[in-house]
$ cat my_file_1.txt   # compact mmCIF, C-alpha atoms
# COMPACT_ATOMS: atom_id res chain seq x y z
CA MET A 1 -1.85 6.72 -4.53
CA SER A 2 0.94 9.23 -4.68
CA ALA A 3 0.75 12.93 -3.97
CA PRO A 4 0.02 15.19 -6.96
CA SER A 5 2.68 15.04 -9.66
CA GLN A 6 5.24 17.76 -10.22
CA SER A 7 7.08 18.32 -13.49
CA GLY A 8 10.82 18.74 -13.20
CA GLY A 9 14.16 17.12 -12.73
CA ALA A 10 16.88 16.60 -15.28
CA PRO A 11 15.97 15.46 -18.78
CA ILE A 12 16.81 11.82 -19.40
CA THR A 13 19.37 11.59 -22.17
CA ASP A 14 21.02 8.30 -21.20
CA ARG A 15 19.80 5.04 -19.69
CA ARG A 16 22.56 5.38 -17.12
CA GLN A 17 20.47 8.09 -15.43
CA LEU A 18 17.79 5.50 -14.68
CA VAL A 19 20.36 3.32 -12.93
CA GLU A 20 21.68 6.32 -11.00
CA TYR A 21 18.12 7.10 -9.93
CA PHE A 22 18.22 3.92 -7.83
CA GLU A 23 21.93 3.99 -6.97
CA ASN A 24 21.67 7.50 -5.55
CA ALA A 25 18.87 6.31 -3.24
CA CYS A 26 21.15 3.85 -1.46
CA LYS A 27 21.74 4.86 2.16
CA PRO A 28 23.88 3.57 5.02
CA PRO A 29 21.90 1.83 7.79
CA SER A 30 22.23 4.90 10.03
CA ARG A 31 20.03 6.79 7.55
CA TRP A 32 17.39 4.11 6.99
CA ARG A 33 13.91 5.40 7.70
CA LEU A 34 10.34 4.07 7.68
CA GLY A 35 7.35 5.62 5.97
CA THR A 36 3.86 4.34 6.75
CA GLU A 37 0.92 4.86 4.41
CA HIS A 38 -2.57 3.96 5.49
CA GLU A 39 -5.95 4.37 3.87
CA LYS A 40 -9.43 4.33 5.35
CA PHE A 41 -12.99 4.55 4.12
CA VAL A 42 -14.97 7.67 5.04
CA PHE A 43 -18.72 7.21 5.37
CA ASP A 44 -21.92 9.00 6.36
CA ARG A 45 -22.93 7.75 9.80
CA GLU A 46 -26.64 8.05 8.98
CA THR A 47 -26.68 6.20 5.66
CA LEU A 48 -23.33 4.32 5.89
CA ARG A 49 -22.70 5.42 2.30
CA PRO A 50 -19.36 6.73 1.03
CA LEU A 51 -19.04 10.50 1.07
CA PRO A 52 -19.35 12.39 -2.21
CA PHE A 53 -16.59 14.80 -3.15
CA ASP A 54 -18.71 17.97 -3.14
CA GLY A 55 -21.07 19.47 -0.59
CA GLU A 56 -21.10 20.36 3.09
CA GLN A 57 -20.70 16.69 3.99
CA GLY A 58 -18.23 15.81 1.26
CA ILE A 59 -14.60 14.77 1.12
CA GLU A 60 -13.46 18.20 -0.07
CA ALA A 61 -15.09 19.81 2.97
CA PHE A 62 -13.39 17.20 5.18
CA LEU A 63 -9.99 18.11 3.74
CA ASP A 64 -10.70 21.80 4.11
CA LYS A 65 -11.50 21.41 7.80
CA LEU A 66 -8.18 19.60 8.35
CA THR A 67 -6.30 22.77 7.30
CA ARG A 68 -6.94 24.15 10.82
CA PHE A 69 -4.13 21.84 11.97
CA GLY A 70 -1.59 23.48 9.66
CA TRP A 71 -2.07 21.30 6.61
CA GLN A 72 -1.54 23.21 3.36
CA PRO A 73 -4.06 22.71 0.53
CA MET A 74 -3.05 21.17 -2.77
CA LYS A 75 -5.48 21.78 -5.61
CA GLU A 76 -6.09 20.39 -9.06
CA ASN A 77 -8.30 22.35 -11.44
CA GLY A 78 -9.63 24.33 -8.49
CA HIS A 79 -10.53 21.23 -6.46
CA LEU A 80 -8.94 20.57 -3.07
CA VAL A 81 -7.60 17.03 -3.57
CA ALA A 82 -4.67 16.75 -1.15
CA LEU A 83 -2.91 18.33 1.81
CA GLU A 84 0.75 18.61 2.79
CA LEU A 85 2.56 19.32 6.00
CA GLY A 86 6.32 18.98 5.99
CA ARG A 87 7.05 15.59 4.42
CA CYS A 88 3.55 14.22 5.12
CA HIS A 89 0.66 14.20 2.68
CA ILE A 90 -3.03 13.46 2.97
CA THR A 91 -4.30 12.27 -0.38
CA LEU A 92 -7.45 10.79 -1.87
CA GLU A 93 -7.81 7.41 -3.48
CA PRO A 94 -10.17 7.28 -6.48
CA GLY A 95 -13.28 6.39 -4.42
CA GLY A 96 -12.59 8.95 -1.70
CA GLN A 97 -10.52 6.70 0.56
CA LEU A 98 -8.46 9.01 2.76
CA GLU A 99 -4.74 8.24 2.90
CA LEU A 100 -2.04 9.52 5.20
CA ALA A 101 1.34 9.19 3.51
CA GLY A 102 3.58 9.59 6.50
CA ALA A 103 7.01 11.16 6.73
CA PRO A 104 10.18 9.02 6.68
CA LEU A 105 10.82 8.42 10.38
CA ASP A 106 13.59 6.82 12.39
CA THR A 107 11.56 4.55 14.68
CA ILE A 108 8.21 2.78 14.95
CA HIS A 109 7.60 4.86 18.08
CA GLU A 110 7.71 8.01 15.96
CA ALA A 111 5.51 6.42 13.30
CA CYS A 112 2.93 5.56 15.95
CA ASP A 113 3.01 9.11 17.32
CA GLU A 114 2.35 10.33 13.78
CA VAL A 115 -0.58 7.91 13.46
CA GLN A 116 -2.06 9.03 16.79
CA THR A 117 -1.80 12.71 15.87
CA HIS A 118 -3.54 12.01 12.57
CA LEU A 119 -6.24 10.02 14.35
CA LYS A 120 -6.95 12.86 16.76
CA GLN A 121 -7.27 15.34 13.91
CA VAL A 122 -9.50 13.30 11.63
CA LYS A 123 -11.75 12.21 14.51
CA GLU A 124 -12.31 15.83 15.49
CA VAL A 125 -13.40 16.72 11.97
CA ALA A 126 -15.42 13.52 11.55
CA LYS A 127 -17.39 14.25 14.72
CA GLU A 128 -18.28 17.73 13.48
CA MET A 129 -19.49 16.35 10.14
CA ASN A 130 -21.22 13.26 11.57
CA VAL A 131 -19.10 10.99 9.42
CA GLY A 132 -17.06 7.93 10.32
CA LEU A 133 -13.77 6.39 9.26
CA ILE A 134 -12.99 2.70 9.15
CA GLY A 135 -10.04 0.52 8.18
CA LEU A 136 -10.99 -2.52 6.09
CA GLY A 137 -9.41 -4.07 3.03
CA PHE A 138 -12.54 -3.82 0.91
CA GLN A 139 -15.77 -1.81 1.02
CA PRO A 140 -18.12 -4.31 2.75
CA LYS A 141 -21.51 -2.98 1.68
CA TRP A 142 -21.68 -0.79 -1.38
CA ALA A 143 -21.45 -1.63 -5.07
CA ARG A 144 -18.93 -0.13 -7.46
CA GLU A 145 -21.56 2.22 -8.90
CA ASP A 146 -22.37 3.53 -5.41
CA CYS A 147 -18.85 4.87 -4.95
CA PRO A 148 -17.98 8.43 -5.97
CA TRP A 149 -15.08 9.33 -8.24
CA MET A 150 -12.63 11.93 -7.04
CA PRO A 151 -11.94 14.74 -9.58
CA LYS A 152 -8.31 13.90 -10.35
CA GLN A 153 -7.14 13.73 -13.95
CA ARG A 154 -4.88 10.71 -13.43
CA TYR A 155 -7.88 8.77 -12.15
CA ASP A 156 -9.86 9.64 -15.26
CA ILE A 157 -7.09 8.15 -17.40
CA MET A 158 -6.84 5.02 -15.23
CA LYS A 159 -10.63 4.65 -15.14
CA ALA A 160 -10.75 4.47 -18.95
CA TYR A 161 -7.75 2.12 -19.21
CA MET A 162 -8.43 -0.39 -16.43
CA PRO A 163 -11.34 -2.27 -18.09
CA LYS A 164 -9.12 -2.95 -21.12
CA VAL A 165 -6.66 -5.06 -19.12
CA GLY A 166 -8.62 -6.67 -16.27
CA SER A 167 -12.07 -7.06 -14.80
CA LEU A 168 -11.40 -5.82 -11.25
CA GLY A 169 -9.27 -2.72 -11.75
CA LEU A 170 -12.14 -0.35 -11.06
CA ASP A 171 -12.88 -2.21 -7.84
CA MET A 172 -9.22 -1.80 -6.88
CA MET A 173 -9.53 1.93 -7.41
CA LEU A 174 -12.89 2.50 -5.74
CA ARG A 175 -13.39 -0.18 -3.11
CA THR A 176 -10.03 -1.24 -1.65
CA SER A 177 -8.01 0.13 1.24
CA THR A 178 -4.53 -0.80 2.40
CA VAL A 179 -1.68 -0.10 4.78
CA GLN A 180 1.86 -0.27 3.46
CA VAL A 181 5.36 0.56 4.62
CA ASN A 182 8.25 2.11 2.74
CA ILE A 183 11.75 0.95 3.63
CA ASP A 184 15.24 1.98 2.52
CA TYR A 185 18.03 -0.09 0.99
CA GLY A 186 21.78 0.24 1.45
CA SER A 187 23.09 -1.11 -1.84
CA GLU A 188 22.00 -3.02 -4.90
CA ALA A 189 22.75 -6.31 -3.12
CA ASP A 190 20.77 -5.19 -0.08
CA MET A 191 17.86 -4.20 -2.31
CA ILE A 192 17.91 -7.61 -3.98
CA GLN A 193 17.82 -9.51 -0.70
CA LYS A 194 15.03 -7.34 0.71
CA PHE A 195 13.08 -7.61 -2.52
CA ARG A 196 13.30 -11.41 -2.51
CA VAL A 197 12.37 -11.71 1.16
CA GLY A 198 9.54 -9.22 0.64
CA LEU A 199 8.06 -11.12 -2.29
CA ALA A 200 8.43 -14.59 -0.80
CA LEU A 201 6.94 -13.57 2.55
CA GLN A 202 4.35 -11.07 1.32
CA PRO A 203 1.61 -13.77 1.51
CA VAL A 204 2.39 -14.01 5.23
CA ALA A 205 1.59 -10.32 5.61
CA THR A 206 -1.54 -10.75 3.49
CA ALA A 207 -2.73 -13.55 5.78
CA LEU A 208 -1.81 -11.83 9.06
CA PHE A 209 -3.57 -8.60 8.04
CA ALA A 210 -6.51 -10.26 6.22
CA ASN A 211 -9.52 -8.00 6.81
CA SER A 212 -11.84 -7.99 3.80
CA PRO A 213 -14.29 -10.93 3.90
CA PHE A 214 -17.45 -9.07 2.73
CA THR A 215 -18.79 -7.85 -0.61
CA LEU A 216 -22.23 -6.27 -1.05
CA GLY A 217 -23.12 -7.12 2.54
CA LYS A 218 -22.35 -10.86 2.28
CA PRO A 219 -19.33 -13.10 2.84
CA ASN A 220 -17.34 -13.24 -0.39
CA GLY A 221 -15.42 -16.48 0.18
CA PHE A 222 -12.13 -14.69 0.83
CA VAL A 223 -10.33 -13.47 3.92
CA SER A 224 -8.53 -10.78 1.89
CA TYR A 225 -10.64 -9.87 -1.09
CA ARG A 226 -8.47 -6.77 -1.50
CA SER A 227 -5.53 -9.05 -2.25
CA GLN A 228 -7.63 -11.09 -4.68
CA ILE A 229 -8.61 -7.92 -6.55
CA TRP A 230 -4.99 -7.41 -7.61
CA THR A 231 -4.93 -10.77 -9.42
CA ASP A 232 -7.33 -9.43 -12.07
CA THR A 233 -6.40 -5.75 -12.22
CA ASP A 234 -3.61 -5.54 -14.80
CA PRO A 235 -1.18 -8.41 -15.47
CA ASP A 236 1.39 -6.03 -16.98
CA ARG A 237 1.93 -4.15 -13.72
CA CYS A 238 0.90 -6.49 -10.89
CA GLY A 239 2.06 -9.77 -9.43
CA MET A 240 4.95 -11.65 -7.86
CA LEU A 241 7.73 -10.86 -10.37
CA ASP A 242 9.25 -14.35 -10.53
CA TRP A 243 12.36 -13.00 -12.29
CA VAL A 244 13.42 -11.18 -9.10
CA PHE A 245 14.84 -14.54 -7.98
CA ASP A 246 16.96 -14.95 -11.13
CA ASP A 247 20.73 -14.45 -11.00
CA ASP A 248 20.61 -11.27 -13.07
CA MET A 249 18.28 -9.41 -10.69
CA GLY A 250 19.40 -5.85 -10.01
CA PHE A 251 18.63 -2.25 -10.82
CA GLU A 252 19.06 -2.90 -14.56
CA ARG A 253 16.60 -5.78 -14.53
CA TYR A 254 13.98 -3.75 -12.68
CA ILE A 255 14.47 -0.91 -15.15
CA ASP A 256 13.81 -3.30 -18.05
CA TYR A 257 10.63 -4.45 -16.32
CA ALA A 258 9.47 -0.88 -15.68
CA LEU A 259 10.20 0.18 -19.26
CA ASP A 260 7.99 -2.63 -20.53
CA VAL A 261 5.00 -1.72 -18.35
CA PRO A 262 2.62 0.41 -20.43
CA MET A 263 2.34 4.03 -19.35
CA TYR A 264 -0.70 5.84 -18.00
CA PHE A 265 0.12 9.52 -18.43
CA VAL A 266 2.66 12.33 -18.67
CA TYR A 267 2.32 15.38 -16.42
CA ARG A 268 2.98 18.76 -18.04
CA ASP A 269 2.07 22.30 -16.98
CA GLY A 270 -0.49 21.19 -14.42
CA LYS A 271 -2.20 18.73 -16.76
CA TYR A 272 -2.14 14.97 -17.17
CA ILE A 273 -1.67 13.96 -20.80
CA ASP A 274 -3.17 10.58 -21.63
CA ALA A 275 -0.41 8.19 -22.70
CA SER A 276 -2.21 5.03 -21.62
CA GLY A 277 -0.82 1.90 -23.23
CA GLN A 278 2.17 3.73 -24.70
CA SER A 279 5.82 2.80 -24.16
CA PHE A 280 8.34 4.52 -21.91
CA ARG A 281 11.00 3.05 -24.21
CA ASP A 282 9.48 5.10 -27.03
CA PHE A 283 9.44 8.11 -24.71
CA LEU A 284 13.20 7.71 -24.14
CA ALA A 285 13.66 7.68 -27.91
CA GLY A 286 11.55 10.81 -28.38
CA LYS A 287 8.84 8.79 -30.10
CA LEU A 288 5.98 8.90 -27.58
CA PRO A 289 2.75 9.42 -29.53
CA ALA A 290 1.33 11.59 -26.75
CA LEU A 291 4.34 13.96 -26.89
CA PRO A 292 6.07 13.45 -30.25
CA GLY A 293 9.67 14.61 -30.29
CA GLU A 294 9.84 15.19 -26.54
CA LYS A 295 12.02 13.17 -24.16
CA PRO A 296 11.19 12.40 -20.52
CA MET A 297 12.43 14.11 -17.38
CA LEU A 298 13.31 12.31 -14.17
CA SER A 299 9.94 13.38 -12.78
CA ASP A 300 8.30 11.38 -15.59
CA TRP A 301 10.27 8.30 -14.57
CA ASP A 302 9.27 8.88 -10.96
CA ASP A 303 5.61 9.17 -11.98
CA HIS A 304 5.80 6.05 -14.14
CA LEU A 305 7.21 3.98 -11.27
CA THR A 306 4.17 4.93 -9.15
CA THR A 307 1.92 3.26 -11.73
CA LEU A 308 3.51 -0.18 -11.22
CA PHE A 309 1.66 -2.34 -8.69
CA PRO A 310 3.67 -5.51 -7.90
CA GLU A 311 3.54 -7.02 -4.41
CA VAL A 312 6.84 -5.25 -3.69
CA ARG A 313 7.58 -2.02 -5.54
CA LEU A 314 10.97 -0.41 -6.05
CA LYS A 315 11.38 3.36 -6.18
CA ARG A 316 13.88 5.47 -4.23
CA PHE A 317 12.73 3.18 -1.45
CA MET A 318 10.88 -0.15 -1.38
CA GLU A 319 7.16 -0.53 -0.73
CA MET A 320 5.67 -3.59 0.95
CA ARG A 321 2.15 -3.75 -0.47
CA GLY A 322 0.45 -6.95 0.71
CA ALA A 323 -1.68 -5.86 3.70
CA ASP A 324 -5.34 -4.96 4.10
CA GLY A 325 -6.33 -1.78 5.86
CA GLY A 326 -7.29 -2.53 9.43
CA PRO A 327 -7.91 -1.42 12.99
CA TRP A 328 -6.10 1.70 14.12
CA THR A 329 -4.35 -0.26 16.87
CA ARG A 330 -2.68 -2.45 14.25
CA LEU A 331 -1.43 0.20 11.82
CA CYS A 332 1.97 0.31 13.51
CA ALA A 333 2.35 -3.46 13.24
CA LEU A 334 3.12 -3.45 9.53
CA PRO A 335 6.14 -1.12 9.70
CA ALA A 336 7.22 -3.06 12.79
CA LEU A 337 7.02 -6.36 10.89
CA TRP A 338 9.12 -5.25 7.96
CA ALA A 339 11.57 -3.20 10.02
CA GLY A 340 12.12 -6.24 12.21
CA LEU A 341 12.78 -8.39 9.15
CA CYS A 342 14.76 -5.94 7.01
CA TYR A 343 16.52 -3.46 9.29
CA ASP A 344 18.51 -6.00 11.30
CA SER A 345 21.11 -7.93 9.31
CA GLN A 346 20.70 -11.12 11.33
CA SER A 347 16.92 -11.08 10.92
CA LEU A 348 17.19 -10.40 7.20
CA ASP A 349 19.54 -13.35 6.81
CA GLU A 350 17.25 -15.59 8.88
CA ALA A 351 14.21 -14.51 6.87
CA TRP A 352 16.07 -15.30 3.66
CA GLN A 353 17.13 -18.70 4.99
CA LEU A 354 13.48 -19.38 5.78
CA CYS A 355 12.24 -18.70 2.27
CA ARG A 356 15.23 -19.02 -0.07
CA ASP A 357 14.32 -22.56 -1.15
CA PHE A 358 10.68 -21.74 -1.89
CA THR A 359 10.12 -22.70 -5.51
CA THR A 360 8.42 -20.43 -8.01
CA GLU A 361 5.38 -22.70 -7.85
CA GLU A 362 5.31 -22.55 -4.06
CA ARG A 363 5.60 -18.76 -3.96
CA ASN A 364 2.75 -18.40 -6.41
CA HIS A 365 0.70 -21.02 -4.57
CA LEU A 366 1.01 -18.94 -1.39
CA ARG A 367 0.14 -15.76 -3.28
CA ASP A 368 -2.93 -17.38 -4.86
CA GLN A 369 -4.23 -19.07 -1.72
CA ALA A 370 -3.47 -16.53 1.02
CA PRO A 371 -6.41 -14.29 -0.03
CA ILE A 372 -8.74 -17.31 0.17
CA GLN A 373 -7.48 -19.45 3.03
CA GLY A 374 -5.24 -17.03 4.89
CA LEU A 375 -3.15 -18.67 7.58
CA ARG A 376 -4.85 -22.00 6.83
CA THR A 377 -3.20 -22.18 3.40
CA PRO A 378 -1.54 -25.62 3.07
CA PHE A 379 2.23 -25.53 2.74
CA ARG A 380 4.82 -28.32 2.91
CA GLY A 381 2.89 -30.62 5.19
CA GLY A 382 1.76 -27.77 7.43
CA THR A 383 0.13 -24.40 6.85
CA LEU A 384 1.07 -20.80 6.25
CA GLN A 385 0.44 -20.26 9.95
CA ASP A 386 3.60 -22.25 10.70
CA ILE A 387 5.61 -19.87 8.52
CA ALA A 388 3.86 -16.84 10.03
CA ARG A 389 4.89 -17.84 13.54
CA GLN A 390 8.52 -18.02 12.47
CA VAL A 391 8.34 -14.74 10.56
CA VAL A 392 6.88 -12.84 13.50
CA ALA A 393 9.45 -14.35 15.86
CA ILE A 394 12.31 -13.32 13.55
CA ALA A 395 10.91 -9.79 13.34
CA GLN A 396 10.47 -9.54 17.11
CA ALA A 397 14.09 -10.55 17.68
CA GLY A 398 15.25 -8.07 15.05
CA LEU A 399 13.42 -5.21 16.73
CA LYS A 400 14.88 -6.14 20.08
CA ARG A 401 18.37 -6.04 18.58
CA ARG A 402 17.59 -2.67 16.94
CA ALA A 403 16.99 -1.45 20.49
CA ARG A 404 15.17 1.74 19.53
CA LEU A 405 13.59 2.71 22.86
CA ASP A 406 10.76 5.06 23.72
CA SER A 407 10.61 7.36 26.75
CA GLN A 408 9.64 4.39 28.90
CA ASP A 409 12.60 2.28 27.68
CA ARG A 410 10.36 -0.03 25.62
CA ASP A 411 11.73 -1.37 22.34
CA GLU A 412 9.74 -1.61 19.11
CA SER A 413 8.91 -5.31 19.44
CA MET A 414 5.80 -4.40 21.44
CA PHE A 415 4.15 -3.30 18.19
CA LEU A 416 4.15 -6.93 17.04
CA ASN A 417 2.17 -8.26 20.00
CA GLN A 418 -1.11 -8.35 18.06
CA LEU A 419 0.51 -10.12 15.11
CA ALA A 420 2.05 -12.66 17.46
CA GLU A 421 -1.41 -13.39 18.87
CA ILE A 422 -2.85 -13.80 15.38
CA ALA A 423 0.02 -16.05 14.30
CA ASP A 424 -0.31 -18.21 17.41
CA SER A 425 -4.10 -18.50 17.34
CA GLY A 426 -4.63 -18.54 13.58
CA VAL A 427 -7.60 -16.20 14.05
CA THR A 428 -7.37 -13.12 11.80
CA SER A 429 -9.52 -9.99 11.68
CA ALA A 430 -11.40 -11.54 8.76
CA ASP A 431 -12.18 -14.64 10.83
CA HIS A 432 -13.41 -12.45 13.69
CA LEU A 433 -15.65 -10.43 11.38
CA LEU A 434 -17.15 -13.56 9.86
CA SER A 435 -17.85 -14.95 13.31
CA LEU A 436 -19.65 -11.76 14.30
CA TYR A 437 -21.61 -11.79 11.03
CA GLU A 438 -22.86 -15.34 11.60
CA GLY A 439 -23.51 -14.69 15.28
CA ARG A 440 -24.32 -11.47 17.07
CA TRP A 441 -24.69 -9.41 13.90
CA ASN A 442 -27.42 -11.73 12.58
CA GLN A 443 -25.93 -11.83 9.06
CA SER A 444 -25.68 -8.07 8.62
CA VAL A 445 -22.51 -6.10 7.91
CA ASP A 446 -23.97 -2.81 9.13
CA PRO A 447 -22.62 -3.17 12.68
CA VAL A 448 -19.05 -3.09 11.34
CA PHE A 449 -19.49 0.63 10.68
CA SER A 450 -20.22 1.36 14.34
CA GLU A 451 -18.20 -1.28 16.19
CA PHE A 452 -15.03 -0.95 14.13
CA ALA A 453 -15.06 2.75 13.20
CA TYR A 454 -12.04 4.74 14.34

$ encode --input "my_file_1.txt" --output "structure tokens"
Amino acid sequence: MSAPSQSGGAPITDRRQLVEYFENACKPPSRWRLGTEHEKFVFDRETLRPLPFDGEQGIEAFLDKLTRFGWQPMKENGHLVALELGRCHITLEPGGQLELAGAPLDTIHEACDEVQTHLKQVKEVAKEMNVGLIGLGFQPKWAREDCPWMPKQRYDIMKAYMPKVGSLGLDMMLRTSTVQVNIDYGSEADMIQKFRVGLALQPVATALFANSPFTLGKPNGFVSYRSQIWTDTDPDRCGMLDWVFDDDMGFERYIDYALDVPMYFVYRDGKYIDASGQSFRDFLAGKLPALPGEKPMLSDWDDHLTTLFPEVRLKRFMEMRGADGGPWTRLCALPALWAGLCYDSQSLDEAWQLCRDFTTEERNHLRDQAPIQGLRTPFRGGTLQDIARQVVAIAQAGLKRRARLDSQDRDESMFLNQLAEIADSGVTSADHLLSLYEGRWNQSVDPVFSEFAY
């Protein structure tokens, strides 16, 4: 989830301002950056249960201890719910999942340095508190009712609204964990091509990063149950957005989509006002029931865009949202994958040539089956693994051409080595976990908390 909201920005008096919101975010390739966001579950090492918010061994205490590293506290109603340091934030997902929202950085090398610094800090605090952190796509052991709720007003609004529109929204909030990457776009046309490639190939990322095969201590029949959760969360704001492949795709079309997604809230004077189910179109007309007579500010538009959850999300940058949380050593692979595909013009063209003739039915087939069958998903006489091999190879070549070197003259393609192994072997993290469960773990998920903790 995003950092705490802030009221402000110009009032919106004309639809043209919504278009300019996206147009003004266009950047030349020399200014393209990468932002990595990764979540992890925090648990008590003695009980393996999620941490509560309060108490000496709670999430708030964990955040407070991180301030020794220079992080500045961000509070809501007196509760410490986030931290900031420069352009980085540490935030809390509804069930206490800890997220680092990284700064926009120039290279994957820098992103990995950021990840390693964060790891060192959180491990120091975790050791003091006798708690652990783990990257998985879905909470493998505990039920929804076992998970704590973080004291954030926006989560209270979402908690009340989610059951009205889907059966798994509360699970999404409390029991899922992801890694995602934010990428820039250079123009409307560049955004369109990246959006289409991102949507068509997002099931490849879902399969490569599949890491959530357990629910309530048992195999759940999925390799990425986190991805499956999104199919029954809220049909108004989730999904593959088939219209992105229509000829009229552009900033205006995305604005129409966003205006038709029901709102959650409006943020005013430090408070979240419940506007769940209400229309941003009415807000533009000064007819929002939650704030009659008032018109939105650009900060309201920014907030509203954060409440849309498609597989690819457009804001002042683009978010690739299809991957499960996973091992620390693989966190840099996701930004590497999408930078390799989208930040080299030849790679972007090759990726588009690979998927441009996918039909709507084929794209949705891949989206529906990747959470279940992963790389084994049947596709055009082969499997999704065949596509994954090509995608990783295109990304590797793109990173080599980018030629962003570290101090040892290594390019960024090295961060894709693990994905290349997965694509070649067809064995994902989920497959490995299931093998351990049926073998050495003697059908228990408890060992995952010790063997795969950060």

$ closest_residue --input "my_file_1.txt" --among "A:Glu128, A:Glu39, A:Glu438, A:Asp247" --to "Leu92 of chain A" --atoms "all atoms listed in the file"
A:Glu39

$ residues_near_point --input "my_file_1.txt" --point "(11.3, 16.1, -11.9)" --cutoff "12 Å" --atoms "only C-alpha atoms" --output "ChimeraX atom specification"
/A:5-12,21,266-268,296-304

$ residues_around --input "my_file_1.txt" --residues "segment 305-321 of chain A" --least-positions-apart "6" --cutoff "6 Å" --atoms "all atoms listed in the file" --output "ChimeraX atom specification"
/A:22,25,180-184,237-240

$ residues_around --input "my_file_1.txt" --residues "segment 168-173 of chain A" --least-positions-apart "4" --cutoff "7 Å" --atoms "all atoms listed in the file" --output "list in words"
Glu93, Pro94, Gly95, Arg144, Lys159, Met162, Pro163, Ile229, Asp232 and Thr233 of chain A

$ closest_residue --input "my_file_1.txt" --among "A:Leu348, A:Met191, A:Val122, A:Leu259" --to "Arg281 of chain A" --atoms "all atoms listed in the file"
A:Leu259

$ closest_residue --input "my_file_1.txt" --among "A:Thr377, A:Gln97, A:Gln418, A:Thr329" --to "Phe41 of chain A" --atoms "only C-alpha atoms"
A:Gln97

$ residues_near_point --input "my_file_1.txt" --point "(-17.8, -7.3, 0.4)" --cutoff "9 Å" --atoms "only C-alpha atoms" --output "list in words"
Phe138, Gln139, Pro140, Lys141, Trp142, Ala143, Ser212, Pro213, Phe214, Thr215, Leu216, Gly217, Lys218, Pro219, Asn220, Tyr225 and Val445 of chain A

$ residues_around --input "my_file_1.txt" --residues "His109 of chain A" --least-positions-apart "4" --cutoff "9 Å" --atoms "only C-alpha atoms" --output "PyMOL selection string"
chain A and resi 113-114+332+404-406+411-412+415
